[in-house]
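One file, coords-v4.cif, carrying mmCIF, C-alpha atoms and all ligand atoms:
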data_protein
loop_
_atom_site.label_atom_id
_atom_site.label_comp_id
_atom_site.auth_asym_id
_atom_site.auth_seq_id
_atom_site.Cartn_x
_atom_site.Cartn_y
_atom_site.Cartn_z
CA MET H 1 10.01 12.37 110.54
CA ASN H 2 7.63 15.31 110.32
CA LEU H 3 5.93 16.52 107.15
CA PHE H 4 8.69 18.73 105.76
CA THR H 5 11.82 17.38 107.49
CA GLY H 6 14.86 18.32 105.42
CA LEU H 7 12.92 21.03 103.57
CA GLU H 8 12.90 23.62 106.39
CA GLU H 9 14.83 26.09 104.23
CA ILE H 10 11.93 26.39 101.77
CA VAL H 11 8.92 26.07 104.11
CA THR H 12 7.30 28.80 106.22
CA GLU H 13 4.36 28.20 108.51
CA ASN H 14 1.39 30.59 108.73
CA GLU H 15 2.67 32.84 105.97
CA PRO H 16 0.21 35.68 105.19
CA LEU H 17 -0.84 35.41 101.53
CA ALA H 18 -2.12 38.97 101.00
CA LYS H 19 1.32 40.11 99.85
CA TYR H 20 1.39 37.39 97.18
CA THR H 21 -1.84 38.52 95.53
CA TRP H 22 -2.65 41.48 93.29
CA PHE H 23 -5.79 42.15 95.34
CA GLY H 24 -3.71 42.41 98.52
CA ILE H 25 -6.22 40.13 100.25
CA GLY H 26 -5.63 36.73 101.86
CA GLY H 27 -4.95 35.16 105.26
CA PRO H 28 -2.13 32.78 106.17
CA ALA H 29 -1.17 29.59 104.40
CA GLU H 30 -0.67 26.78 106.88
CA PHE H 31 2.50 25.88 104.95
CA PHE H 32 4.04 28.17 102.34
CA VAL H 33 6.58 26.30 100.24
CA LYS H 34 9.05 27.77 97.74
CA PRO H 35 10.82 24.93 95.91
CA LYS H 36 14.04 25.84 94.13
CA ASN H 37 14.19 22.84 91.81
CA GLU H 38 12.08 19.96 90.51
CA ASP H 39 13.54 17.48 93.01
CA GLN H 40 12.31 19.61 95.90
CA LEU H 41 8.97 20.06 94.17
CA GLN H 42 8.64 16.30 93.74
CA THR H 43 9.46 15.73 97.41
CA VAL H 44 6.92 18.35 98.51
CA ILE H 45 4.13 16.75 96.43
CA THR H 46 5.01 13.25 97.63
CA ARG H 47 5.14 14.30 101.29
CA CYS H 48 1.83 16.17 101.01
CA ASN H 49 0.19 13.11 99.47
CA GLU H 50 1.64 10.70 102.05
CA ASN H 51 0.31 12.91 104.84
CA ASN H 52 -3.05 13.82 103.25
CA VAL H 53 -2.08 17.46 103.15
CA PRO H 54 -3.85 19.33 100.33
CA TRP H 55 -1.63 21.49 98.13
CA ARG H 56 -2.20 24.36 95.73
CA ILE H 57 0.07 26.31 93.45
CA ILE H 58 0.16 30.11 93.31
CA GLY H 59 1.80 32.24 90.62
CA GLN H 60 1.62 35.98 91.19
CA GLY H 61 -1.93 35.80 92.53
CA ALA H 62 -3.22 38.04 89.73
CA ASN H 63 -6.38 35.97 89.25
CA LEU H 64 -7.06 34.98 92.86
CA LEU H 65 -9.29 36.03 95.74
CA ILE H 66 -8.08 34.30 98.90
CA SER H 67 -10.03 34.00 102.15
CA ASP H 68 -8.95 36.18 105.08
CA LYS H 69 -9.21 33.01 107.19
CA GLY H 70 -6.28 31.55 105.30
CA ILE H 71 -5.67 28.26 103.55
CA LYS H 72 -5.27 24.80 105.10
CA GLY H 73 -2.45 22.73 103.71
CA ALA H 74 0.43 23.78 101.49
CA VAL H 75 0.54 26.72 99.13
CA ILE H 76 3.41 26.18 96.70
CA LYS H 77 5.11 29.08 94.94
CA LEU H 78 7.91 28.20 92.54
CA ASP H 79 11.08 30.13 93.42
CA GLU H 80 11.28 33.06 90.96
CA GLN H 81 15.06 32.81 90.51
CA SER H 82 15.34 29.08 89.85
CA PHE H 83 12.07 28.81 87.93
CA GLY H 84 12.50 32.12 86.11
CA LYS H 85 14.92 31.37 83.28
CA MET H 86 14.26 31.40 79.54
CA GLU H 87 16.10 30.14 76.47
CA PHE H 88 15.50 31.13 72.85
CA ASN H 89 15.86 28.61 70.05
CA ASN H 90 15.26 29.04 66.34
CA HIS H 91 11.50 29.53 66.36
CA SER H 92 10.66 29.15 70.00
CA VAL H 93 11.38 30.16 73.56
CA THR H 94 11.47 27.69 76.44
CA VAL H 95 10.69 29.39 79.71
CA ARG H 96 10.41 28.27 83.31
CA ALA H 97 6.96 28.63 84.81
CA ALA H 98 7.63 31.30 87.48
CA CYS H 99 8.98 33.75 84.91
CA PRO H 100 6.73 36.81 84.70
CA LEU H 101 4.80 36.81 81.42
CA GLY H 102 5.87 40.42 80.86
CA ALA H 103 9.57 39.50 81.09
CA VAL H 104 9.46 36.79 78.42
CA MET H 105 7.28 39.03 76.25
CA ARG H 106 9.77 41.92 76.38
CA GLU H 107 12.73 39.58 75.67
CA SER H 108 10.88 38.01 72.71
CA VAL H 109 10.23 41.42 71.22
CA LYS H 110 13.92 42.36 71.65
CA GLU H 111 14.94 39.08 69.99
CA GLY H 112 12.59 39.86 67.08
CA MET H 113 10.31 36.92 67.84
CA SER H 114 6.57 37.45 67.48
CA GLY H 115 3.76 35.67 69.35
CA LEU H 116 3.62 37.04 72.88
CA GLU H 117 3.46 40.81 72.29
CA ASP H 118 -0.35 40.94 72.01
CA LEU H 119 -0.61 39.67 75.60
CA VAL H 120 0.93 42.87 76.95
CA GLY H 121 -0.64 44.19 80.15
CA ILE H 122 -1.54 40.75 81.52
CA PRO H 123 0.21 40.38 84.88
CA GLY H 124 1.29 37.07 86.39
CA THR H 125 3.58 34.16 85.65
CA VAL H 126 3.94 31.99 82.58
CA GLY H 127 2.55 29.00 84.56
CA GLY H 128 -0.58 30.88 85.69
CA ALA H 129 -1.13 32.26 82.18
CA VAL H 130 -0.96 28.85 80.48
CA LYS H 131 -3.08 27.10 83.14
CA ASN H 132 -6.06 29.39 82.44
CA ASN H 133 -5.24 30.28 78.83
CA ALA H 134 -4.78 33.97 79.54
CA GLY H 135 -5.60 36.28 76.70
CA SER H 136 -7.62 39.16 75.39
CA LYS H 137 -9.50 40.11 72.25
CA PHE H 138 -6.08 40.33 70.57
CA ALA H 139 -4.70 36.82 71.32
CA ASP H 140 -4.55 33.94 73.78
CA ILE H 141 -1.55 32.09 75.09
CA GLY H 142 -2.77 28.58 74.27
CA THR H 143 -2.46 29.27 70.54
CA ILE H 144 1.34 29.58 70.75
CA THR H 145 1.94 26.91 73.42
CA ALA H 146 3.93 24.04 71.88
CA ASN H 147 4.39 21.95 75.03
CA VAL H 148 4.38 22.11 78.82
CA ARG H 149 6.49 20.27 81.34
CA VAL H 150 4.38 19.27 84.33
CA ILE H 151 4.56 17.43 87.61
CA ASP H 152 1.41 15.53 88.42
CA ASN H 153 -0.26 14.65 91.69
CA ASN H 154 1.84 11.47 91.98
CA GLY H 155 5.07 13.44 91.66
CA THR H 156 5.72 12.21 88.10
CA ILE H 157 7.37 14.71 85.77
CA TYR H 158 6.68 14.62 82.04
CA THR H 159 6.12 16.76 78.97
CA ARG H 160 2.70 17.25 77.40
CA GLU H 161 2.80 18.08 73.71
CA LYS H 162 0.39 20.27 71.75
CA PRO H 163 -2.01 17.49 70.57
CA ASP H 164 -2.65 16.57 74.20
CA LEU H 165 -3.34 20.15 75.26
CA ASN H 166 -6.76 21.70 75.03
CA PHE H 167 -7.25 25.44 75.43
CA GLU H 168 -10.60 27.17 75.60
CA TYR H 169 -11.72 30.62 76.74
CA ARG H 170 -9.77 31.12 80.04
CA LYS H 171 -9.52 27.37 80.53
CA SER H 172 -7.18 24.47 79.77
CA ASN H 173 -7.12 20.73 80.42
CA ILE H 174 -4.07 21.12 82.69
CA ALA H 175 -5.64 20.16 86.03
CA ASP H 176 -4.07 18.92 89.28
CA GLN H 177 -0.66 19.44 87.75
CA ILE H 178 2.06 21.98 88.29
CA ILE H 179 3.54 23.48 85.15
CA THR H 180 7.30 23.86 85.56
CA GLN H 181 8.23 24.89 82.03
CA VAL H 182 6.58 25.95 78.78
CA THR H 183 7.75 26.18 75.17
CA PHE H 184 6.12 28.84 73.01
CA GLU H 185 6.25 28.77 69.20
CA LEU H 186 7.32 32.17 67.88
CA VAL H 187 7.72 33.68 64.43
CA PRO H 188 10.64 35.94 63.43
CA ASP H 189 9.63 39.56 62.90
CA ASP H 190 11.11 43.04 63.02
CA PRO H 191 11.82 44.04 66.66
CA ASN H 192 10.86 47.69 66.08
CA ARG H 193 7.55 46.71 64.52
CA LEU H 194 6.84 44.36 67.43
CA LEU H 195 7.75 47.01 69.98
CA THR H 196 5.41 49.51 68.35
CA ARG H 197 2.59 46.97 68.29
CA MET H 198 3.19 46.08 71.95
CA LYS H 199 3.15 49.73 72.98
CA GLU H 200 -0.03 50.45 71.00
CA THR H 201 -1.84 47.48 72.55
CA PHE H 202 -0.66 48.52 76.01
CA ILE H 203 -2.05 52.04 75.53
CA ILE H 204 -5.45 50.58 74.57
CA LYS H 205 -5.43 48.40 77.71
CA LYS H 206 -4.21 51.15 79.99
CA ASN H 207 -6.93 53.50 78.81
CA SER H 208 -9.69 51.01 79.42
CA GLN H 209 -8.54 49.05 82.51
CA PRO H 210 -7.44 50.12 86.02
CA LEU H 211 -4.00 48.54 85.55
CA SER H 212 -2.36 50.35 88.46
CA SER H 213 -5.06 49.59 91.06
CA ARG H 214 -5.20 46.52 93.27
CA SER H 215 -7.52 44.11 91.44
CA ALA H 216 -7.59 40.61 90.03
CA GLY H 217 -8.39 41.49 86.44
CA CYS H 218 -11.81 40.64 85.05
CA ILE H 219 -14.12 39.19 87.69
CA PHE H 220 -16.49 37.50 85.24
CA LYS H 221 -16.15 35.73 81.91
CA ASN H 222 -17.91 37.28 78.96
CA PRO H 223 -21.16 35.30 78.62
CA PRO H 224 -21.42 33.52 75.26
CA GLY H 225 -23.76 35.18 72.79
CA GLU H 226 -24.35 38.18 75.06
CA LYS H 227 -22.83 41.61 75.53
CA PRO H 228 -19.46 41.55 77.35
CA ALA H 229 -19.73 41.22 81.14
CA GLY H 230 -18.27 44.71 81.67
CA MET H 231 -20.92 46.27 79.44
CA LEU H 232 -23.75 44.46 81.26
CA ILE H 233 -22.40 45.59 84.65
CA ASP H 234 -22.00 49.14 83.38
CA ARG H 235 -25.57 49.16 81.98
CA ALA H 236 -26.79 47.90 85.36
CA CYS H 237 -25.38 51.19 86.71
CA LEU H 238 -22.95 49.44 89.03
CA LYS H 239 -19.77 51.38 88.22
CA GLY H 240 -18.53 52.91 91.47
CA LYS H 241 -20.71 50.61 93.63
CA GLN H 242 -18.78 50.04 96.83
CA ILE H 243 -18.94 47.56 99.71
CA GLY H 244 -16.37 48.19 102.44
CA GLY H 245 -13.04 48.72 100.68
CA ALA H 246 -14.11 46.95 97.48
CA MET H 247 -15.46 48.96 94.55
CA VAL H 248 -16.61 48.27 90.99
CA SER H 249 -14.00 50.14 88.95
CA ASP H 250 -15.24 53.30 87.29
CA ARG H 251 -12.78 52.65 84.47
CA HIS H 252 -13.83 49.07 83.62
CA ALA H 253 -17.00 47.67 85.19
CA ASN H 254 -15.73 44.06 85.09
CA PHE H 255 -12.94 44.96 87.53
CA ILE H 256 -13.34 45.19 91.30
CA VAL H 257 -10.65 47.31 92.91
CA ASN H 258 -9.38 47.26 96.48
CA ARG H 259 -9.52 50.90 97.51
CA GLY H 260 -7.69 50.10 100.75
CA GLY H 261 -8.55 47.64 103.50
CA ALA H 262 -10.96 45.56 101.39
CA THR H 263 -11.68 42.18 102.95
CA PHE H 264 -12.50 38.85 101.36
CA ASP H 265 -16.13 39.32 102.45
CA ASP H 266 -16.33 42.81 100.92
CA VAL H 267 -15.31 41.42 97.53
CA ARG H 268 -17.55 38.34 97.87
CA LYS H 269 -20.58 40.47 98.73
CA LEU H 270 -19.91 42.85 95.86
CA ILE H 271 -19.63 39.90 93.47
CA ASP H 272 -23.02 38.63 94.69
CA VAL H 273 -24.63 42.06 94.24
CA ILE H 274 -23.27 42.34 90.68
CA ARG H 275 -24.44 38.85 89.75
CA GLN H 276 -27.92 39.36 91.16
CA THR H 277 -28.37 42.81 89.64
CA VAL H 278 -27.24 41.69 86.18
CA TYR H 279 -29.48 38.64 86.40
CA ASP H 280 -32.50 40.71 87.50
CA LYS H 281 -32.00 43.31 84.74
CA PHE H 282 -30.88 41.17 81.81
CA GLY H 283 -31.57 37.54 82.76
CA VAL H 284 -27.87 36.72 82.25
CA GLU H 285 -25.97 34.53 84.74
CA LEU H 286 -22.38 35.68 85.01
CA GLU H 287 -19.71 33.03 85.50
CA LEU H 288 -16.60 33.83 87.53
CA GLU H 289 -13.27 34.27 85.75
CA LEU H 290 -11.66 35.07 89.11
CA GLU H 291 -10.66 32.02 91.16
CA ILE H 292 -11.67 31.96 94.81
CA TRP H 293 -9.61 30.09 97.43
CA GLU H 294 -11.21 29.45 100.82
C1 LIG H 301 -4.69 44.43 86.22
C2 LIG H 301 -4.97 43.05 85.71
C3 LIG H 301 -5.24 42.84 84.37
C4 LIG H 301 -5.50 41.55 83.89
N1 LIG H 301 -5.78 41.38 82.55
C5 LIG H 301 -5.97 40.13 82.08
C6 LIG H 301 -6.23 39.90 80.69
O1 LIG H 301 -6.27 40.82 79.88
N2 LIG H 301 -6.40 38.61 80.28
C7 LIG H 301 -6.36 37.55 81.14
O2 LIG H 301 -6.50 36.41 80.69
N3 LIG H 301 -6.13 37.74 82.46
C8 LIG H 301 -5.94 38.98 82.95
N4 LIG H 301 -5.73 39.17 84.29
C9 LIG H 301 -5.74 38.01 85.20
C10 LIG H 301 -4.34 37.41 85.43
O3 LIG H 301 -3.34 38.32 85.04
C11 LIG H 301 -4.14 36.11 84.66
O4 LIG H 301 -5.15 35.19 85.01
C12 LIG H 301 -2.78 35.52 84.93
O5 LIG H 301 -2.51 34.57 83.95
C13 LIG H 301 -2.65 34.92 86.32
O6 LIG H 301 -1.30 34.49 86.48
P1 LIG H 301 -0.72 34.26 87.94
O7 LIG H 301 0.67 33.75 87.81
O8 LIG H 301 -0.88 35.45 88.77
O9 LIG H 301 -1.65 33.08 88.47
P2 LIG H 301 -2.41 33.00 89.86
O10 LIG H 301 -3.44 34.07 89.91
O11 LIG H 301 -1.44 32.93 90.97
O12 LIG H 301 -3.13 31.59 89.70
C14 LIG H 301 -4.17 31.45 88.73
C15 LIG H 301 -4.39 29.94 88.51
O13 LIG H 301 -3.23 29.38 87.89
C16 LIG H 301 -2.74 28.31 88.69
N5 LIG H 301 -1.29 28.32 88.55
C17 LIG H 301 -0.41 29.32 88.84
N6 LIG H 301 0.84 28.92 88.56
C18 LIG H 301 0.75 27.65 88.08
C19 LIG H 301 1.69 26.68 87.63
N7 LIG H 301 3.00 26.92 87.61
N8 LIG H 301 1.23 25.47 87.22
C20 LIG H 301 -0.10 25.18 87.23
N9 LIG H 301 -1.03 26.05 87.65
C21 LIG H 301 -0.61 27.27 88.07
C22 LIG H 301 -3.22 28.62 90.10
O14 LIG H 301 -3.27 27.44 90.90
C23 LIG H 301 -4.59 29.15 89.81
O15 LIG H 301 -5.46 28.09 89.53
C24 LIG H 301 -5.48 40.46 84.78
C25 LIG H 301 -5.19 40.67 86.14
C26 LIG H 301 -4.94 41.95 86.60
C27 LIG H 301 -4.62 42.13 88.08
#

Would you mind writing the file out in structure tokens?
Amino acid sequence: MNLFTGLEEIVTENEPLAKYTWFGIGGPAEFFVKPKNEDQLQTVITRCNENNVPWRIIGQGANLLISDKGIKGAVIKLDEQSFGKMEFNNHSVTVRAACPLGAVMRESVKEGMSGLEDLVGIPGTVGGAVKNNAGSKFADIGTITANVRVIDNNGTIYTREKPDLNFEYRKSNIADQIITQVTFELVPDDPNRLLTRMKETFIIKKNSQPLSSRSAGCIFKNPPGEKPAGMLIDRACLKGKQIGGAMVSDRHANFIVNRGGATFDDVRKLIDVIRQTVYDKFGVELELELEIWE
């Protein structure tokens, strides 16, 4: 039996990953797997482990820079249809991990349930958002996460409750696990009020971030006890700095945008230039928020 016998319907070989990332950058995945249910997901993990094939999970690739050379092993992407559903209960919503964060946010607002609306303008899936505790100065997703259903590296499926979950700035203790479902705690509120708040927050974001360009959001974390990374990069006069097709956004200096044809190396080199320049000028070492796959 070969690696994915019986799973041919959900496995593609040498699938280019650029189209699955916001940056539009990324070479082929040796195996690209789109499980439609948890049984298939379990089988994929087990087969990968039995055959020493490394696996990774991708959401909407909104926080990823992937090598043009591609990725060895399996890149798993939960099927959006099967892993996209949500269900509202009294004071919560339970949502499958491939659901876009924006979709559950809009539904919550319509239902008059508050908690997610301050995360407006953050692209990606629910799974990706919870894994790295997505957020902004307005809120973060870990605060409202009641529990997550995960599959671990042994293929075991279980639920992790709030006391076992640890969320920090763009970080959680959910490692080597695939999130398949999340329950968020919400609070009843007036739908019109929530809609207004969501729109106002979105306008603030839209005016300060290049939301319609190809990017991966903030490249660096804000260094503790220092000015925000974007301000440091701006003060280092790097806005508009370009290498190949990659440019430091002139709207928000902590964003690198793909102006067309940017390669993995263009972005990597620009990251190095930013880091070095900020270090030389201010003595601050910037830590990546962006995740690099190579
Ligand atoms: C224009 C723009 C604006 C942005 N603004 C913000 C912002 O304000 N705040 C913010 O926090 N981020 C922001 N981001 C970054 C990005 O939107 C978030 O990091 C988002 O949560 C990534 O979700 P994703 O599904 O695309 O995950 P991916 O980028 O695909 O993956 C990110 C990480 O999550 C893991 N992952 C994905 N799905 C799962 C899963 N089901 N189970 C376990 N792990 C998983 C991946 O393995 C990877 O480690 C922005 C990005 C863009 C392009």

Tell me, counting all atoms listed in the file, for each residue of chain H within 8 Å of ligand LIG 301 (chain H), which pair of atoms is nearest and how far apart they are in Å to one decimal, in rows ordered by chain and increasing number, as a Markdown table.
| residue | atom | partner | partner_atom | distance |
| --- | --- | --- | --- | --- |
| H:Thr21 | CA | H:LIG301 | O11 | 7.2 |
| H:Trp22 | CA | H:LIG301 | C27 | 5.6 |
| H:Phe23 | CA | H:LIG301 | C27 | 7.4 |
| H:Arg56 | CA | H:LIG301 | O14 | 5.8 |
| H:Ile57 | CA | H:LIG301 | O14 | 4.4 |
| H:Ile58 | CA | H:LIG301 | O11 | 4.0 |
| H:Gly59 | CA | H:LIG301 | O11 | 3.3 |
| H:Gln60 | CA | H:LIG301 | O8 | 3.5 |
| H:Gly61 | CA | H:LIG301 | O11 | 3.3 |
| H:Ala62 | CA | H:LIG301 | O8 | 3.6 |
| H:Asn63 | CA | H:LIG301 | O10 | 3.6 |
| H:Leu64 | CA | H:LIG301 | O10 | 4.8 |
| H:Lys77 | CA | H:LIG301 | N6 | 7.7 |
| H:Leu78 | CA | H:LIG301 | N7 | 7.1 |
| H:Ala97 | CA | H:LIG301 | N7 | 5.1 |
| H:Ala98 | CA | H:LIG301 | N7 | 6.4 |
| H:Pro100 | CA | H:LIG301 | O7 | 7.5 |
| H:Leu119 | CA | H:LIG301 | O1 | 7.2 |
| H:Gly121 | CA | H:LIG301 | N1 | 6.3 |
| H:Ile122 | CA | H:LIG301 | N1 | 4.4 |
| H:Pro123 | CA | H:LIG301 | O3 | 4.1 |
| H:Gly124 | CA | H:LIG301 | O8 | 3.6 |
| H:Thr125 | CA | H:LIG301 | O7 | 3.6 |
| H:Val126 | CA | H:LIG301 | O7 | 6.4 |
| H:Gly127 | CA | H:LIG301 | N7 | 3.7 |
| H:Gly128 | CA | H:LIG301 | C17 | 3.5 |
| H:Ala129 | CA | H:LIG301 | O5 | 3.2 |
| H:Val130 | CA | H:LIG301 | O5 | 6.9 |
| H:Lys131 | CA | H:LIG301 | N9 | 5.1 |
| H:Asn132 | CA | H:LIG301 | O13 | 6.1 |
| H:Asn133 | CA | H:LIG301 | O2 | 6.5 |
| H:Ala134 | CA | H:LIG301 | O2 | 3.2 |
| H:Gly135 | CA | H:LIG301 | O2 | 4.1 |
| H:Ser136 | CA | H:LIG301 | O1 | 5.0 |
| H:Asp140 | CA | H:LIG301 | O2 | 7.6 |
| H:Val150 | CA | H:LIG301 | N8 | 7.5 |
| H:Arg170 | CA | H:LIG301 | O2 | 6.3 |
| H:Ile174 | CA | H:LIG301 | C20 | 7.3 |
| H:Ala175 | CA | H:LIG301 | C20 | 7.6 |
| H:Asp176 | CA | H:LIG301 | C20 | 7.7 |
| H:Gln177 | CA | H:LIG301 | C20 | 5.8 |
| H:Ile178 | CA | H:LIG301 | N8 | 3.7 |
| H:Ile179 | CA | H:LIG301 | N8 | 3.7 |
| H:Thr180 | CA | H:LIG301 | N7 | 5.7 |
| H:Gln181 | CA | H:LIG301 | N7 | 7.9 |
| H:Lys205 | CA | H:LIG301 | O1 | 7.9 |
| H:Gln209 | CA | H:LIG301 | C1 | 7.1 |
| H:Pro210 | CA | H:LIG301 | C1 | 6.3 |
| H:Leu211 | CA | H:LIG301 | C1 | 4.2 |
| H:Ser212 | CA | H:LIG301 | C1 | 6.7 |
| H:Ser213 | CA | H:LIG301 | C1 | 7.1 |
| H:Arg214 | CA | H:LIG301 | C27 | 6.8 |
| H:Ser215 | CA | H:LIG301 | C27 | 4.9 |
| H:Ala216 | CA | H:LIG301 | C27 | 3.9 |
| H:Gly217 | CA | H:LIG301 | C25 | 3.3 |
| H:Cys218 | CA | H:LIG301 | N4 | 6.3 |
| H:Leu290 | CA | H:LIG301 | C9 | 7.7 |
| H:Glu291 | CA | H:LIG301 | O15 | 6.7 |

Resulting file, chosen residues, C-alpha atoms, as a compact mmCIF listing (two decimals), keeping the file's coordinate frame:
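The result, written out as out25.txt:
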# COMPACT_ATOMS: atom_id res chain seq x y z
CA THR H 21 -1.84 38.52 95.53
CA TRP H 22 -2.65 41.48 93.29
CA PHE H 23 -5.79 42.15 95.34
CA ARG H 56 -2.20 24.36 95.73
CA ILE H 57 0.07 26.31 93.45
CA ILE H 58 0.16 30.11 93.31
CA GLY H 59 1.80 32.24 90.62
CA GLN H 60 1.62 35.98 91.19
CA GLY H 61 -1.93 35.80 92.53
CA ALA H 62 -3.22 38.04 89.73
CA ASN H 63 -6.38 35.97 89.25
CA LEU H 64 -7.06 34.98 92.86
CA LYS H 77 5.11 29.08 94.94
CA LEU H 78 7.91 28.20 92.54
CA ALA H 97 6.96 28.63 84.81
CA ALA H 98 7.63 31.30 87.48
CA PRO H 100 6.73 36.81 84.70
CA LEU H 119 -0.61 39.67 75.60
CA GLY H 121 -0.64 44.19 80.15
CA ILE H 122 -1.54 40.75 81.52
CA PRO H 123 0.21 40.38 84.88
CA GLY H 124 1.29 37.07 86.39
CA THR H 125 3.58 34.16 85.65
CA VAL H 126 3.94 31.99 82.58
CA GLY H 127 2.55 29.00 84.56
CA GLY H 128 -0.58 30.88 85.69
CA ALA H 129 -1.13 32.26 82.18
CA VAL H 130 -0.96 28.85 80.48
CA LYS H 131 -3.08 27.10 83.14
CA ASN H 132 -6.06 29.39 82.44
CA ASN H 133 -5.24 30.28 78.83
CA ALA H 134 -4.78 33.97 79.54
CA GLY H 135 -5.60 36.28 76.70
CA SER H 136 -7.62 39.16 75.39
CA ASP H 140 -4.55 33.94 73.78
CA VAL H 150 4.38 19.27 84.33
CA ARG H 170 -9.77 31.12 80.04
CA ILE H 174 -4.07 21.12 82.69
CA ALA H 175 -5.64 20.16 86.03
CA ASP H 176 -4.07 18.92 89.28
CA GLN H 177 -0.66 19.44 87.75
CA ILE H 178 2.06 21.98 88.29
CA ILE H 179 3.54 23.48 85.15
CA THR H 180 7.30 23.86 85.56
CA GLN H 181 8.23 24.89 82.03
CA LYS H 205 -5.43 48.40 77.71
CA GLN H 209 -8.54 49.05 82.51
CA PRO H 210 -7.44 50.12 86.02
CA LEU H 211 -4.00 48.54 85.55
CA SER H 212 -2.36 50.35 88.46
CA SER H 213 -5.06 49.59 91.06
CA ARG H 214 -5.20 46.52 93.27
CA SER H 215 -7.52 44.11 91.44
CA ALA H 216 -7.59 40.61 90.03
CA GLY H 217 -8.39 41.49 86.44
CA CYS H 218 -11.81 40.64 85.05
CA LEU H 290 -11.66 35.07 89.11
CA GLU H 291 -10.66 32.02 91.16

- Message: Just to confirm, what's the straight-line distance from atom CA of H:Ala262 to atom CA of H:Thr277 in Å (one decimal)?
- Response: 21.2 Å

- Considering all atoms listed in the file, state which residue in the set H:Pro35, H:Gly283, H:Pro54, H:Gly26 is at the smallest distance from H:Ile10.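 Closest candidate: H:Pro35.
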
- Message: For H:Cys237, find every residue with an atom within 10 Å (counting all atoms listed in the file), except residues of its own chain fewer than 6 positions away, and show them as a PyMOL selection string.
- Response: chain H and resi 231+253+274+277-278

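Among H:Lys72, H:Ile25, H:Thr143, H:Pro223, the residue with the shortest atom-to-atom distance to H:Phe167, counting all atoms listed in the file, is H:Thr143.
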
Using all atoms listed in the file, find each residue of stretch 56-103 of chain H with at least one atom at most 7 Å away from an atom of stretch 28-34 of chain H; report its shortest atom-to-atom pair and that distance in Å (one decimal), sort the rows by chain and rising residue number, and return the result as a tab-separated table.
residue	atom	partner	partner_atom	distance
H:Gly70	CA	H:Pro28	CA	4.4
H:Ile71	CA	H:Ala29	CA	4.8
H:Lys72	CA	H:Glu30	CA	5.3
H:Gly73	CA	H:Glu30	CA	5.4
H:Ala74	CA	H:Phe31	CA	4.5
H:Val75	CA	H:Phe32	CA	5.0
H:Ile76	CA	H:Val33	CA	4.8
H:Lys77	CA	H:Lys34	CA	5.0
H:Leu78	CA	H:Lys34	CA	5.3
H:Asp79	CA	H:Lys34	CA	5.3

- Separating atom CA of H:Gly240 from atom CA of H:Val267, to the nearest tenth of an Å, is a gap of 13.4 Å

Take every atom of stretch 40-58 of chain H listed in the file, pad by 6 Å on each side, and give me the axis-aligned box centre and edge lengths in Å, one decimal, as JSON.
{"center_x": 4.2, "center_y": 20.4, "center_z": 99.1, "size_x": 28.2, "size_y": 31.4, "size_z": 23.5}

Start from the incomplete input, build N, CA, C and O atoms for stretch 57-64 of chain H, and deliver everything as a JSON list (two decimals), keeping the file's coordinate frame.
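The resulting selection-v3.json:
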[["chain", "number", "residue", "atom", "x", "y", "z"],
["H", 57, "ILE", "N", -1.05, 25.57, 94.02],
["H", 57, "ILE", "CA", 0.07, 26.31, 93.45],
["H", 57, "ILE", "C", -0.39, 27.75, 93.17],
["H", 57, "ILE", "O", -1.46, 27.96, 92.62],
["H", 58, "ILE", "N", 0.45, 28.69, 93.57],
["H", 58, "ILE", "CA", 0.16, 30.11, 93.31],
["H", 58, "ILE", "C", 1.23, 30.67, 92.40],
["H", 58, "ILE", "O", 2.41, 30.30, 92.50],
["H", 59, "GLY", "N", 0.82, 31.54, 91.46],
["H", 59, "GLY", "CA", 1.80, 32.24, 90.62],
["H", 59, "GLY", "C", 2.07, 33.61, 91.24],
["H", 59, "GLY", "O", 2.69, 33.72, 92.29],
["H", 60, "GLN", "N", 1.53, 34.65, 90.58],
["H", 60, "GLN", "CA", 1.62, 35.98, 91.19],
["H", 60, "GLN", "C", 0.28, 36.41, 91.79],
["H", 60, "GLN", "O", 0.09, 37.59, 92.10],
["H", 61, "GLY", "N", -0.64, 35.48, 91.91],
["H", 61, "GLY", "CA", -1.93, 35.80, 92.53],
["H", 61, "GLY", "C", -2.69, 36.91, 91.81],
["H", 61, "GLY", "O", -3.43, 37.66, 92.44],
["H", 62, "ALA", "N", -2.57, 36.97, 90.49],
["H", 62, "ALA", "CA", -3.22, 38.04, 89.73],
["H", 62, "ALA", "C", -4.64, 37.66, 89.33],
["H", 62, "ALA", "O", -5.37, 38.48, 88.77],
["H", 63, "ASN", "N", -5.02, 36.41, 89.59],
["H", 63, "ASN", "CA", -6.38, 35.97, 89.25],
["H", 63, "ASN", "C", -7.07, 35.35, 90.45],
["H", 63, "ASN", "O", -8.00, 34.57, 90.31],
["H", 64, "LEU", "N", -6.59, 35.68, 91.66],
["H", 64, "LEU", "CA", -7.06, 34.98, 92.86],
["H", 64, "LEU", "C", -7.68, 35.91, 93.89],
["H", 64, "LEU", "O", -7.18, 37.02, 94.12]]
